[in-house]
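Chemist: Enclosed is the structure file start.cif (mmCIF, C-alpha atoms).
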data_data
loop_
_atom_site.label_atom_id
_atom_site.label_comp_id
_atom_site.auth_asym_id
_atom_site.auth_seq_id
_atom_site.Cartn_x
_atom_site.Cartn_y
_atom_site.Cartn_z
CA MET A 944 -6.20 -0.58 -1.74
CA ALA A 945 -7.76 -0.28 -5.18
CA LEU A 946 -4.46 -1.09 -6.85
CA PHE A 947 -4.65 -4.02 -9.30
CA SER A 948 -8.24 -4.86 -8.27
CA GLY A 949 -9.30 -5.22 -11.93
CA LEU A 950 -6.25 -7.27 -12.89
CA SER A 951 -6.53 -9.40 -9.76
CA GLU A 952 -10.17 -10.27 -10.50
CA LYS A 953 -9.39 -11.21 -14.10
CA LEU A 954 -6.39 -13.38 -13.21
CA ASN A 955 -8.35 -15.19 -10.51
CA HIS A 956 -11.16 -15.80 -13.02
CA ILE A 957 -8.68 -17.24 -15.54
CA PHE A 958 -7.08 -19.54 -12.95
CA SER A 959 -10.47 -20.62 -11.57
CA LYS A 960 -11.31 -22.02 -15.02
CA LEU A 961 -8.06 -23.99 -15.02
CA THR A 962 -8.84 -25.56 -11.62
CA LYS A 963 -11.84 -27.31 -13.16
CA HIS A 964 -9.42 -29.50 -15.08
CA GLY A 965 -7.40 -32.35 -13.58
CA LYS A 966 -4.37 -32.52 -15.83
CA LEU A 967 -3.65 -29.60 -18.16
CA THR A 968 -2.80 -29.81 -21.85
CA GLU A 969 -0.33 -27.52 -23.57
CA LEU A 970 -3.24 -25.99 -25.51
CA GLU A 971 -5.13 -25.17 -22.29
CA ILE A 972 -2.08 -23.43 -20.83
CA LYS A 973 -1.49 -21.44 -24.02
CA THR A 974 -5.16 -20.39 -24.08
CA ALA A 975 -4.91 -19.26 -20.47
CA MET A 976 -1.71 -17.34 -21.22
CA ARG A 977 -3.44 -15.50 -24.06
CA GLU A 978 -6.13 -14.43 -21.61
CA VAL A 979 -3.48 -13.36 -19.07
CA ARG A 980 -1.78 -11.28 -21.78
CA ILE A 981 -5.06 -9.51 -22.57
CA ALA A 982 -5.65 -8.90 -18.85
CA LEU A 983 -2.16 -7.35 -18.52
CA LEU A 984 -2.68 -5.08 -21.52
CA GLU A 985 -6.08 -3.98 -20.21
CA ALA A 986 -4.37 -3.17 -16.90
CA ASP A 987 -2.12 -0.79 -18.88
CA VAL A 988 1.04 -2.91 -18.72
CA ASN A 989 3.61 -1.90 -21.33
CA ILE A 990 3.05 -4.07 -24.43
CA SER A 991 6.66 -5.28 -24.72
CA VAL A 992 6.77 -6.01 -20.99
CA ALA A 993 3.52 -8.02 -21.22
CA LYS A 994 4.80 -9.94 -24.24
CA ASP A 995 8.09 -10.80 -22.53
CA PHE A 996 6.30 -11.80 -19.31
CA ILE A 997 3.95 -14.20 -21.11
CA ALA A 998 6.85 -15.73 -23.05
CA LYS A 999 8.73 -16.48 -19.82
CA VAL A 1000 5.69 -17.93 -18.05
CA SER A 1001 4.65 -20.01 -21.07
CA GLU A 1002 8.14 -21.46 -21.51
CA ARG A 1003 8.18 -22.66 -17.90
CA ALA A 1004 4.50 -23.69 -17.77
CA VAL A 1005 4.51 -26.08 -20.74
CA GLY A 1006 7.39 -28.13 -19.37
CA GLN A 1007 6.71 -31.84 -18.92
CA GLU A 1008 7.14 -31.68 -15.12
CA ILE A 1009 4.25 -29.18 -14.99
CA LEU A 1010 1.94 -30.98 -17.40
CA LYS A 1011 2.44 -34.31 -15.61
CA SER A 1012 2.23 -32.95 -12.05
CA LEU A 1013 -0.68 -33.77 -9.71
CA SER A 1014 -1.67 -30.10 -9.40
CA PRO A 1015 -0.67 -28.39 -12.64
CA THR A 1016 -2.90 -25.34 -12.03
CA GLN A 1017 -1.15 -24.62 -8.74
CA GLN A 1018 2.18 -25.02 -10.50
CA VAL A 1019 1.13 -22.52 -13.19
CA ILE A 1020 -0.03 -20.01 -10.53
CA LYS A 1021 3.29 -20.50 -8.72
CA ILE A 1022 5.18 -19.72 -11.93
CA VAL A 1023 3.07 -16.61 -12.59
CA ASN A 1024 3.71 -15.49 -9.00
CA GLU A 1025 7.48 -15.99 -9.34
CA GLU A 1026 7.63 -14.16 -12.67
CA LEU A 1027 5.56 -11.25 -11.26
CA ILE A 1028 8.05 -10.95 -8.41
CA ALA A 1029 10.98 -10.99 -10.85
CA LEU A 1030 9.23 -8.40 -13.04
CA MET A 1031 8.84 -5.97 -10.12
CA GLY A 1032 12.36 -6.38 -8.77
CA SER A 1033 12.69 -9.67 -6.84
CA ALA A 1034 13.32 -8.08 -3.41
CA ASN A 1035 12.78 -4.92 -1.40
CA SER A 1036 15.44 -2.34 -2.27
CA LYS A 1037 16.56 -0.39 0.78
CA LEU A 1038 17.82 3.19 0.81
CA ALA A 1039 21.56 3.67 0.50
CA VAL A 1040 23.20 5.18 3.59
CA SER A 1041 26.24 7.43 3.31
CA SER A 1042 29.35 6.34 5.23
CA GLU A 1043 29.75 9.97 6.29
CA PRO A 1044 26.56 11.76 7.45
CA PRO A 1045 24.37 13.22 6.26
CA THR A 1046 22.87 10.83 3.71
CA VAL A 1047 21.51 13.05 0.93
CA ILE A 1048 18.29 12.01 -0.82
CA MET A 1049 17.30 14.06 -3.85
CA MET A 1050 13.63 13.89 -4.84
CA ALA A 1051 12.63 14.55 -8.46
CA GLY A 1052 9.41 14.39 -10.45
CA LEU A 1053 6.81 16.31 -12.42
CA GLN A 1054 4.26 18.66 -10.88
CA GLY A 1055 1.14 16.88 -9.67
CA ALA A 1056 2.88 13.62 -8.80
CA GLY A 1057 2.74 14.43 -5.07
CA LYS A 1058 6.49 15.04 -4.68
CA THR A 1059 6.38 17.66 -1.91
CA THR A 1060 3.93 15.63 0.19
CA LEU A 1061 6.09 12.57 -0.45
CA VAL A 1062 9.11 14.40 1.00
CA GLY A 1063 7.14 14.78 4.25
CA LYS A 1064 5.99 11.15 4.15
CA LEU A 1065 9.54 9.91 3.69
CA GLY A 1066 10.74 12.20 6.47
CA MET A 1067 8.12 10.78 8.84
CA LEU A 1068 8.99 7.19 7.87
CA LEU A 1069 12.71 7.75 8.45
CA LYS A 1070 12.01 9.47 11.76
CA LYS A 1071 10.09 6.38 12.89
CA GLN A 1072 13.21 4.38 12.03
CA GLY A 1073 15.28 6.52 14.40
CA LYS A 1074 16.73 8.91 11.81
CA LYS A 1075 16.94 12.69 12.12
CA PRO A 1076 15.91 14.03 8.69
CA LEU A 1077 16.10 17.62 7.44
CA LEU A 1078 13.77 18.65 4.61
CA VAL A 1079 15.29 21.19 2.19
CA ALA A 1080 13.01 23.42 0.07
CA CYS A 1081 14.53 23.74 -3.41
CA ASP A 1082 11.25 24.04 -5.33
CA VAL A 1083 11.55 27.83 -5.64
CA TYR A 1084 9.30 28.39 -8.68
CA ARG A 1085 5.91 26.89 -7.89
CA PRO A 1086 3.68 29.27 -5.92
CA ALA A 1087 3.38 28.30 -2.26
CA ALA A 1088 5.63 25.22 -2.67
CA ILE A 1089 7.89 26.32 0.19
CA ASN A 1090 4.91 26.94 2.48
CA GLN A 1091 3.47 23.57 1.52
CA LEU A 1092 6.71 21.84 2.51
CA LYS A 1093 6.77 23.76 5.82
CA VAL A 1094 3.21 22.64 6.61
CA VAL A 1095 3.99 19.04 5.63
CA GLY A 1096 7.25 19.13 7.60
CA GLU A 1097 5.49 20.39 10.74
CA LYS A 1098 2.90 17.59 10.52
CA ALA A 1099 5.68 15.03 10.01
CA GLY A 1100 7.69 16.45 12.91
CA CYS A 1101 10.62 17.30 10.63
CA GLU A 1102 12.57 20.57 10.43
CA VAL A 1103 12.45 22.38 7.08
CA PHE A 1104 15.41 24.38 5.73
CA GLU A 1105 14.45 27.14 3.29
CA ARG A 1106 15.96 30.33 1.88
CA GLY A 1107 12.98 31.65 -0.03
CA GLN A 1108 13.01 31.87 -3.81
CA GLY A 1109 16.78 31.91 -4.24
CA ASN A 1110 19.14 29.74 -6.26
CA PRO A 1111 18.10 26.09 -5.74
CA VAL A 1112 21.66 24.74 -6.14
CA LYS A 1113 22.96 27.15 -3.52
CA ILE A 1114 20.04 26.36 -1.18
CA ALA A 1115 20.72 22.61 -1.48
CA LYS A 1116 24.40 23.11 -0.57
CA GLU A 1117 23.51 25.40 2.36
CA GLY A 1118 20.92 22.86 3.55
CA ILE A 1119 23.57 20.13 3.71
CA LYS A 1120 25.94 22.46 5.55
CA HIS A 1121 23.13 23.23 8.05
CA ALA A 1122 22.51 19.49 8.51
CA LYS A 1123 26.18 18.85 9.31
CA SER A 1124 26.23 21.71 11.82
CA PHE A 1125 23.12 20.63 13.70
CA GLY A 1126 23.44 16.84 13.70
CA PHE A 1127 20.91 15.83 11.02
CA ASP A 1128 21.85 12.41 9.61
CA THR A 1129 19.61 12.62 6.53
CA VAL A 1130 18.82 15.42 4.08
CA ILE A 1131 15.79 15.15 1.77
CA ILE A 1132 15.87 17.72 -1.04
CA ASP A 1133 12.54 18.76 -2.57
CA THR A 1134 13.43 19.87 -6.11
CA ALA A 1135 11.30 21.78 -8.59
CA GLY A 1136 8.90 20.06 -10.93
CA ARG A 1137 7.24 21.02 -14.20
CA LEU A 1138 3.97 20.12 -15.83
CA GLN A 1139 6.10 18.38 -18.43
CA ILE A 1140 9.77 17.58 -18.93
CA ASP A 1141 11.84 20.45 -20.33
CA GLU A 1142 15.53 21.17 -20.82
CA ALA A 1143 15.71 23.91 -18.16
CA LEU A 1144 14.35 21.57 -15.49
CA MET A 1145 16.74 18.79 -16.41
CA ARG A 1146 19.79 21.08 -16.42
CA GLU A 1147 18.89 22.39 -12.97
CA LEU A 1148 18.44 18.86 -11.57
CA GLU A 1149 21.73 17.77 -13.13
CA GLU A 1150 23.49 20.75 -11.54
CA ILE A 1151 22.04 19.98 -8.09
CA LYS A 1152 23.12 16.36 -8.48
CA SER A 1153 26.62 17.41 -9.50
CA GLU A 1154 27.02 19.78 -6.53
CA VAL A 1155 25.50 17.73 -3.68
CA LYS A 1156 26.37 14.20 -4.91
CA PRO A 1157 23.29 12.50 -3.41
CA SER A 1158 23.34 8.91 -2.16
CA GLU A 1159 19.87 8.47 -3.62
CA ILE A 1160 17.96 10.14 -6.45
CA LEU A 1161 14.36 9.05 -6.03
CA LEU A 1162 11.91 9.75 -8.83
CA VAL A 1163 8.33 10.33 -7.68
CA VAL A 1164 5.86 9.02 -10.26
CA ASP A 1165 2.07 9.31 -10.39
CA SER A 1166 0.88 5.73 -10.98
CA MET A 1167 -2.52 6.95 -12.23
CA THR A 1168 -0.94 8.37 -15.40
CA GLY A 1169 -0.29 4.84 -16.68
CA GLN A 1170 2.17 4.48 -19.53
CA VAL A 1171 2.91 8.21 -19.40
CA ALA A 1172 4.45 7.50 -15.98
CA VAL A 1173 6.68 4.83 -17.53
CA GLU A 1174 7.85 7.24 -20.24
CA VAL A 1175 8.52 9.98 -17.64
CA ALA A 1176 10.52 7.52 -15.51
CA ASP A 1177 12.54 6.41 -18.54
CA THR A 1178 13.37 10.02 -19.54
CA PHE A 1179 14.36 11.12 -16.01
CA ASN A 1180 16.48 8.01 -15.60
CA LYS A 1181 18.41 8.61 -18.82
CA ARG A 1182 19.26 12.17 -17.74
CA LEU A 1183 19.76 11.74 -13.99
CA GLU A 1184 20.49 8.03 -13.50
CA VAL A 1185 17.91 7.75 -10.74
CA THR A 1186 18.57 5.17 -8.04
CA GLY A 1187 14.97 4.29 -7.28
CA LEU A 1188 11.30 4.98 -7.93
CA VAL A 1189 8.51 6.03 -5.60
CA LEU A 1190 4.96 5.42 -6.82
CA THR A 1191 2.17 7.70 -5.57
CA LYS A 1192 -1.63 7.42 -5.69
CA LEU A 1193 -1.66 3.62 -5.69
CA ASP A 1194 -4.87 3.81 -3.64
CA GLY A 1195 -6.66 5.42 -6.58
CA ASP A 1196 -5.40 3.32 -9.49
CA THR A 1197 -7.49 0.26 -10.31
CA ARG A 1198 -5.29 -0.83 -13.24
CA GLY A 1199 -1.74 -0.41 -11.94
CA GLY A 1200 0.00 -1.59 -15.10
CA ALA A 1201 2.59 1.17 -14.83
CA THR A 1202 3.81 -0.44 -11.60
CA LEU A 1203 4.42 -3.73 -13.39
CA SER A 1204 6.19 -1.99 -16.29
CA MET A 1205 8.37 0.47 -14.37
CA LYS A 1206 11.23 -1.80 -13.25
CA ALA A 1207 11.45 -3.60 -16.60
CA VAL A 1208 11.63 -0.36 -18.62
CA THR A 1209 13.99 1.66 -16.39
CA GLY A 1210 15.97 -1.13 -14.76
CA LYS A 1211 15.61 0.78 -11.46
CA PRO A 1212 13.86 -0.62 -8.35
CA ILE A 1213 10.61 0.64 -6.90
CA LYS A 1214 11.64 1.56 -3.35
CA PHE A 1215 8.42 2.96 -1.88
CA CYS A 1216 4.73 3.21 -2.67
CA SER A 1217 2.25 5.78 -1.39
CA VAL A 1218 -1.09 4.13 -0.62
CA GLY A 1219 -3.13 7.03 0.78
CA GLU A 1220 -3.28 10.74 1.52
CA LYS A 1221 -2.17 10.60 5.16
CA LEU A 1222 1.51 11.22 5.97
CA GLY A 1223 1.77 7.70 7.38
CA ASP A 1224 0.60 6.13 4.12
CA LEU A 1225 4.04 5.37 2.71
CA GLU A 1226 5.24 1.77 2.55
CA PRO A 1227 8.49 0.13 1.45
CA PHE A 1228 7.80 -1.72 -1.81
CA TYR A 1229 8.04 -5.50 -1.55
CA PRO A 1230 7.65 -7.20 -4.98
CA ASP A 1231 6.73 -10.58 -3.42
CA ARG A 1232 3.99 -9.05 -1.25
CA MET A 1233 2.59 -7.08 -4.20
CA ALA A 1234 2.58 -10.21 -6.37
CA ASN A 1235 0.68 -12.05 -3.64
CA ARG A 1236 -1.93 -9.28 -3.53
CA ILE A 1237 -2.34 -9.35 -7.31
CA LEU A 1238 -2.98 -13.12 -7.24
CA GLY A 1239 -5.37 -12.88 -4.27
CA MET A 1240 -2.93 -14.56 -1.88
CA GLY A 1241 -3.07 -11.68 0.61
CA ASP A 1242 -0.23 -9.81 2.27
CA VAL A 1243 -0.07 -11.03 5.84
CA LEU A 1244 3.45 -9.68 6.51
CA THR A 1245 2.43 -6.08 5.77
CA LEU A 1246 -0.73 -6.61 7.81
CA ILE A 1247 1.33 -7.78 10.79
CA GLU A 1248 3.63 -4.76 10.48
CA LYS A 1249 0.66 -2.40 10.41
CA ALA A 1250 -0.90 -4.19 13.39
CA GLN A 1251 2.32 -3.89 15.38
CA GLU A 1252 2.33 -0.13 14.76
CA ALA A 1253 -1.32 0.29 15.75
CA VAL A 1254 -1.57 -2.10 18.72
CA THR A 1255 0.72 -2.70 21.69
CA GLU A 1256 1.74 -6.27 22.50
CA GLU A 1257 -0.27 -6.07 25.74
CA GLN A 1258 -3.41 -4.96 23.86
CA ALA A 1259 -2.94 -7.73 21.29
CA LYS A 1260 -2.61 -10.41 23.97
CA LYS A 1261 -5.68 -9.07 25.79
CA MET A 1262 -7.75 -9.18 22.59
CA GLU A 1263 -6.48 -12.65 21.66
CA LYS A 1264 -7.52 -13.88 25.09
CA LYS A 1265 -11.01 -12.44 24.58
CA PHE A 1266 -11.35 -14.30 21.26
CA ARG A 1267 -10.06 -17.50 22.81
CA GLU A 1268 -12.48 -17.27 25.74
CA ASN A 1269 -15.32 -16.09 23.49
CA SER A 1270 -15.73 -12.95 25.64
CA PHE A 1271 -15.50 -10.45 22.75
CA THR A 1272 -17.99 -7.63 23.44
CA LEU A 1273 -19.48 -4.76 21.46
CA ASP A 1274 -17.10 -2.39 23.26
CA ASP A 1275 -14.21 -4.52 22.00
CA TYR A 1276 -15.78 -4.43 18.53
CA LEU A 1277 -15.73 -0.63 18.61
CA THR A 1278 -12.10 -0.63 19.77
CA GLN A 1279 -11.19 -2.97 16.91
CA PHE A 1280 -12.74 -0.57 14.40
CA GLU A 1281 -10.62 2.27 15.79
CA THR A 1282 -7.55 0.02 15.44
CA MET A 1283 -8.51 -0.85 11.85
CA LYS A 1284 -8.63 2.88 11.05
CA LYS A 1285 -5.05 3.24 12.31
CA MET A 1286 -4.04 0.35 10.06
CA GLY A 1287 -5.45 2.07 6.96
CA GLY A 1288 -9.10 1.05 7.12
CA LEU A 1289 -11.05 -2.19 7.14
CA LYS A 1290 -11.04 -2.55 3.34
CA ASP A 1291 -7.25 -2.38 3.24
CA VAL A 1292 -6.95 -4.89 6.08
CA LEU A 1293 -9.33 -7.36 4.42
CA ALA A 1294 -7.46 -6.97 1.11
CA MET A 1295 -4.30 -8.22 2.82
CA LEU A 1296 -5.88 -11.43 4.10
CA PRO A 1297 -5.70 -14.50 1.82
CA GLY A 1298 -9.03 -15.32 0.17
CA MET A 1299 -11.06 -12.92 2.27
CA GLY A 1300 -13.43 -11.88 -0.52
CA GLY A 1301 -14.75 -15.31 -1.33
CA LYS A 1302 -14.26 -17.11 1.96
CA PHE A 1303 -16.10 -14.79 4.28
CA LYS A 1304 -18.40 -13.17 1.68
CA ILE A 1305 -18.19 -9.69 3.18
CA ARG A 1306 -19.85 -7.26 0.82
CA GLU A 1307 -18.74 -3.70 -0.01
CA GLU A 1308 -21.72 -2.21 1.84
CA ASP A 1309 -20.90 -4.25 4.95
CA ILE A 1310 -17.58 -2.42 5.35
CA ASP A 1311 -18.74 1.11 4.60
CA GLU A 1312 -16.51 3.03 6.98
CA SER A 1313 -18.57 6.21 6.52
CA LYS A 1314 -21.11 4.54 8.84
CA MET A 1315 -18.54 4.43 11.64
CA LEU A 1316 -20.07 7.40 13.52
CA SER A 1317 -23.59 5.97 13.54
CA MET A 1318 -22.23 2.58 14.65
CA LYS A 1319 -20.38 4.27 17.48
CA ALA A 1320 -23.53 6.13 18.52
CA ILE A 1321 -25.55 2.90 18.46
CA ILE A 1322 -23.11 1.00 20.68
CA GLN A 1323 -22.78 3.92 23.09
CA SER A 1324 -26.58 4.06 23.41
CA MET A 1325 -26.60 0.51 24.81
CA THR A 1326 -26.31 -0.38 28.47
CA MET A 1327 -23.16 -2.12 29.68
CA ARG A 1328 -25.14 -5.34 30.03
CA GLU A 1329 -26.34 -5.10 26.42
CA ARG A 1330 -22.81 -4.48 25.13
CA GLU A 1331 -21.52 -7.52 26.99
CA ASN A 1332 -24.44 -9.75 26.02
CA PRO A 1333 -26.12 -8.60 22.75
CA SER A 1334 -28.41 -11.64 22.73
CA ILE A 1335 -30.68 -9.89 25.29
CA ILE A 1336 -31.39 -7.02 22.87
CA ASN A 1337 -35.06 -7.57 21.94
CA SER A 1338 -37.39 -5.39 19.85
CA SER A 1339 -38.17 -2.85 22.58
CA ARG A 1340 -34.47 -2.49 23.43
CA LYS A 1341 -33.67 -1.96 19.74
CA GLN A 1342 -36.26 0.81 19.54
CA ARG A 1343 -34.77 2.50 22.61
CA ILE A 1344 -31.22 2.20 21.20
CA ALA A 1345 -32.31 3.58 17.81
CA LEU A 1346 -34.03 6.53 19.48
CA GLY A 1347 -31.03 7.23 21.71
CA SER A 1348 -28.54 7.13 18.83
CA GLY A 1349 -30.65 9.01 16.31
CA THR A 1350 -30.69 6.03 13.97
CA SER A 1351 -33.22 3.37 12.95
CA VAL A 1352 -33.97 -0.15 14.15
CA GLN A 1353 -32.68 -1.40 10.79
CA GLU A 1354 -29.31 0.23 11.48
CA VAL A 1355 -29.21 -1.31 14.96
CA ASN A 1356 -29.88 -4.71 13.38
CA ARG A 1357 -27.08 -4.10 10.87
CA VAL A 1358 -24.56 -3.36 13.63
CA LEU A 1359 -25.58 -6.47 15.58
CA LYS A 1360 -25.34 -8.61 12.44
CA GLN A 1361 -21.87 -7.24 11.60
CA PHE A 1362 -20.75 -7.90 15.16
CA GLU A 1363 -21.78 -11.57 14.91
CA GLN A 1364 -20.09 -11.88 11.49
CA THR A 1365 -16.90 -10.42 12.93
CA LYS A 1366 -16.89 -12.92 15.79
CA ILE A 1367 -17.26 -15.79 13.31
CA MET A 1368 -14.58 -14.33 11.01
CA MET A 1369 -12.08 -13.79 13.83
CA LYS A 1370 -12.69 -17.31 15.15
CA GLN A 1371 -11.98 -18.78 11.71
CA MET A 1372 -8.87 -16.64 11.31
CA LYS A 1373 -7.62 -17.73 14.74
CA ASN A 1374 -8.20 -21.39 13.90
CA ASN A 1375 -6.32 -21.00 10.61
CA LYS A 1376 -3.42 -19.24 12.35
CA MET A 1377 -3.55 -16.47 9.76
CA PHE A 1378 -3.82 -13.57 12.15
CA ARG A 1379 -1.10 -13.24 14.74
CA PHE A 1380 0.39 -10.07 16.20
#
Starting from the coordinates I provided, produce the structure as structure tokens.
Modeler:
Amino acid sequence: MALFSGLSEKLNHIFSKLTKHGKLTELEIKTAMREVRIALLEADVNISVAKDFIAKVSERAVGQEILKSLSPTQQVIKIVNEELIALMGSANSKLAVSSEPPTVIMMAGLQGAGKTTLVGKLGMLLKKQGKKPLLVACDVYRPAAINQLKVVGEKAGCEVFERGQGNPVKIAKEGIKHAKSFGFDTVIIDTAGRLQIDEALMRELEEIKSEVKPSEILLVVDSMTGQVAVEVADTFNKRLEVTGLVLTKLDGDTRGGATLSMKAVTGKPIKFCSVGEKLGDLEPFYPDRMANRILGMGDVLTLIEKAQEAVTEEQAKKMEKKFRENSFTLDDYLTQFETMKKMGGLKDVLAMLPGMGGKFKIREEDIDESKMLSMKAIIQSMTMRERENPSIINSSRKQRIALGSGTSVQEVNRVLKQFEQTKIMMKQMKNNKMFRF
């Protein structure tokens, strides 16, 4: 995930300078806080939010118990972590569930934020949780919006209720009636968007809200629009009293300041974040996990959840046994890559592990997933004996493998090198008890 990569690097650089000191002086902490404030502003955090955040951290960090502690830098990082969590909402905010089905979730947002796709993503997520969601097409103005929802709904395995380009308020009410008749426990309403906020849009959304009385009004916001996203969220909230926010395109935003500002400005929790284009790329938003990622502490809990979705318990135990017995082969290596793809990709997985960048020194080019096909061809061009025991692969074998896979000897060497690095990495992770399914 590219989210916060710039901010994360800057914060880690600031804290690395502090670790060179034994005890910290009040001046050193204030200097560091000035640098943190600049880093936040450069990450597009709202100026008043950044100012308030620094004031809270500074007040706690210059206390005598911090200055006199044996590890003041760690104490300062702990305070920053705690204040980041508080800034983003303290805890995961779950969806409200109606006491009488169906639970109605109304989605709102501007055009281009990814709202219609998000409706499908949320439907798929709820279906995985055992719900039976119905998607209702109330975006009747945008060309092909209804067809888009039908395509997304089919991919997500969710039924779509639509009545063409009729009255959106009437369609929403009929959709809920249909849900009650056919046993759907959740209704997700895809409302119309605009390129910008206007009075007609707001009146229509207010009318839908008044008629269907949703349990949740989720505002879908494009995180890449920065402070514009914060202003949009504030305006929608004042008119609709939204119950939660959903941030899209977090995989493409390297600054992410809007995410840090959103809760503070609107007072409403971030409930979900979209971290990719695939329908499965929607995650509940956990402020503590996001704060850990920002400070380079990893996100092992999310990693475990993704692993549990991608790998059965039996497969996990089998692979753990192979690592323990040092019998990990190139075939297993290929299988692991396929598993990583299911978990969002190797880069995302590594980003969730504490200290992966510095500790294992894996470079960007070493995890280029576009080379997956050539790697697969190289391994499949080896004999079973070579896959089980790569140490026997000499120069002539490498030439044969390169010829058989349509690659070069250099690429064969790269795959073998990565395989050895992976074995070392997995051994270290196992020893540190960081990676458990």
Chemist: If I take CA of Val1358 (chain A) and CA of Lys1314 (chain A), how far is one from the other in Å, to one decimal?
Modeler: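 Separating CA of Val1358 (chain A) from CA of Lys1314 (chain A) is a distance of 9.9 Å.
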Chemist: Would you compute an axis-aligned box for region 1157-1164 of chain A, covering every atom listed for it in the file with 5 Å of margin on each side, and report centre and edge lengths in Å to one decimal as JSON?
Modeler:
{"center_x": 14.6, "center_y": 10.5, "center_z": -6.2, "size_x": 27.5, "size_y": 14.0, "size_z": 18.1}
Chemist: Fewer than 5 positions away in the same chain doesn't count, so skip those; otherwise give me all residues within 7 Å of region 1218-1220 of chain A, counting all atoms listed in the file, as number ranges by chain.
Modeler: A: 1191-1194, 1225
Chemist: Do you have the CA of Met1318 (chain A)-CA of Ala1345 (chain A) distance handy?
Modeler: 10.6 Å
Chemist: Mind pulling up the distance from CA of Ala1039 (chain A) to CA of Gly1126 (chain A)?
Modeler: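 Atom-to-atom, CA of Gly1126 (chain A) and CA of Ala1039 (chain A) are spaced 18.7 Å apart.
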Chemist: Write out as CSV a residue-level contact list of region 1015-1091 of chain A versus region 1142-1160 of chain A with cut-off 10 Å: for each qualifying residue the closest pair of atoms and the distance in Å to one decimal, counting all atoms listed in the file, rows sorted by chain and residue number upward.
Modeler:
residue,atom,partner,partner_atom,distance
A:Leu1038,CA,A:Glu1159,CA,7.2
A:Ala1039,CA,A:Ser1158,CA,6.1
A:Val1040,CA,A:Ser1158,CA,6.9
A:Ser1041,CA,A:Ser1158,CA,6.4
A:Ser1042,CA,A:Ser1158,CA,9.9
A:Pro1045,CA,A:Ser1158,CA,9.5
A:Thr1046,CA,A:Ser1158,CA,6.2
A:Val1047,CA,A:Pro1157,CA,4.7
A:Ile1048,CA,A:Glu1159,CA,4.8
A:Met1049,CA,A:Ile1160,CA,4.7
A:Met1050,CA,A:Ile1160,CA,6.0
A:Ala1051,CA,A:Ile1160,CA,7.2
A:Leu1053,CA,A:Leu1144,CA,9.7
A:Cys1081,CA,A:Ile1151,CA,9.6
Chemist: Got a sec to resolve the PyMOL selection byres ((chain A and resi 1173) around 10) on this structure and send the residues as a PyMOL selection string?
Modeler: chain A and resi 988-989+1164-1166+1168-1172+1174-1178+1200-1209
Chemist: For the file shown, what are the residues hit by the PyMOL selection byres ((chain A and resi 1077) around 10), laid out as a tab-separated table (two decimals) with C-alpha atoms, keeping the file's coordinate frame?
Modeler:
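Output file selection_6.tsv follows:
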chain	number	residue	atom	x	y	z
A	1045	PRO	CA	24.37	13.22	6.26
A	1047	VAL	CA	21.51	13.05	0.93
A	1063	GLY	CA	7.14	14.78	4.25
A	1066	GLY	CA	10.74	12.20	6.47
A	1074	LYS	CA	16.73	8.91	11.81
A	1075	LYS	CA	16.94	12.69	12.12
A	1076	PRO	CA	15.91	14.03	8.69
A	1078	LEU	CA	13.77	18.65	4.61
A	1079	VAL	CA	15.29	21.19	2.19
A	1080	ALA	CA	13.01	23.42	0.07
A	1096	GLY	CA	7.25	19.13	7.60
A	1101	CYS	CA	10.62	17.30	10.63
A	1102	GLU	CA	12.57	20.57	10.43
A	1103	VAL	CA	12.45	22.38	7.08
A	1104	PHE	CA	15.41	24.38	5.73
A	1118	GLY	CA	20.92	22.86	3.55
A	1119	ILE	CA	23.57	20.13	3.71
A	1121	HIS	CA	23.13	23.23	8.05
A	1122	ALA	CA	22.51	19.49	8.51
A	1125	PHE	CA	23.12	20.63	13.70
A	1126	GLY	CA	23.44	16.84	13.70
A	1127	PHE	CA	20.91	15.83	11.02
A	1128	ASP	CA	21.85	12.41	9.61
A	1129	THR	CA	19.61	12.62	6.53
A	1130	VAL	CA	18.82	15.42	4.08
A	1131	ILE	CA	15.79	15.15	1.77
A	1132	ILE	CA	15.87	17.72	-1.04
Chemist: Under the PyMOL selection byres ((chain A and resi 1363) around 12), which residues of this model are included? Write them out as a list in words.
Modeler: Asn1269, Phe1271, Thr1272, Leu1273, Tyr1276, Asn1332, Pro1333, Ser1334, Asn1356, Arg1357, Val1358, Leu1359, Lys1360, Gln1361, Phe1362, Gln1364, Thr1365, Lys1366, Ile1367, Met1368, Met1369 and Lys1370 of chain A
Chemist: Counting all atoms listed in the file, I want the residues whose atoms come within 12 Å of (7.6, 26.2, -7.1) in the file frame, returned as a list in words.
Modeler: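 So the residues meeting the distance criterion are Leu1053, Gln1054, Gly1055, Lys1058, Thr1059, Ala1080, Cys1081, Asp1082, Val1083, Tyr1084, Arg1085, Pro1086, Ala1087, Ala1088, Ile1089, Asn1090, Gln1091, Leu1092, Gly1107, Gln1108, Gly1109, Pro1111, Asp1133, Thr1134, Ala1135, Gly1136, Arg1137, Leu1138 and Leu1144 of chain A.
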Chemist: From the set A:Leu1061, A:Ile1020, A:Val1185, A:Met1315, which residue has the shortest atom-to-atom contact distance to Cys1216 (chain A), counting all atoms listed in the file?
Modeler: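 Using all atoms listed in the file, Cys1216 (chain A) sits closest to A:Leu1061.
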Chemist: Return the single residue from A:Glu1025, A:Glu971, A:Asp995, A:Glu978 that is closest to Arg1232 (chain A), with distances computed using all atoms listed in the file.
Modeler: A:Glu1025
Chemist: Can you work out which one of A:Leu967, A:Thr1060, A:Phe996, A:Lys1093 has the shortest atom-to-atom distance to Gln1018 (chain A), counting all atoms listed in the file?
Modeler: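 Comparing A:Leu967, A:Thr1060, A:Phe996, A:Lys1093 against Gln1018 (chain A), the winner is A:Leu967.
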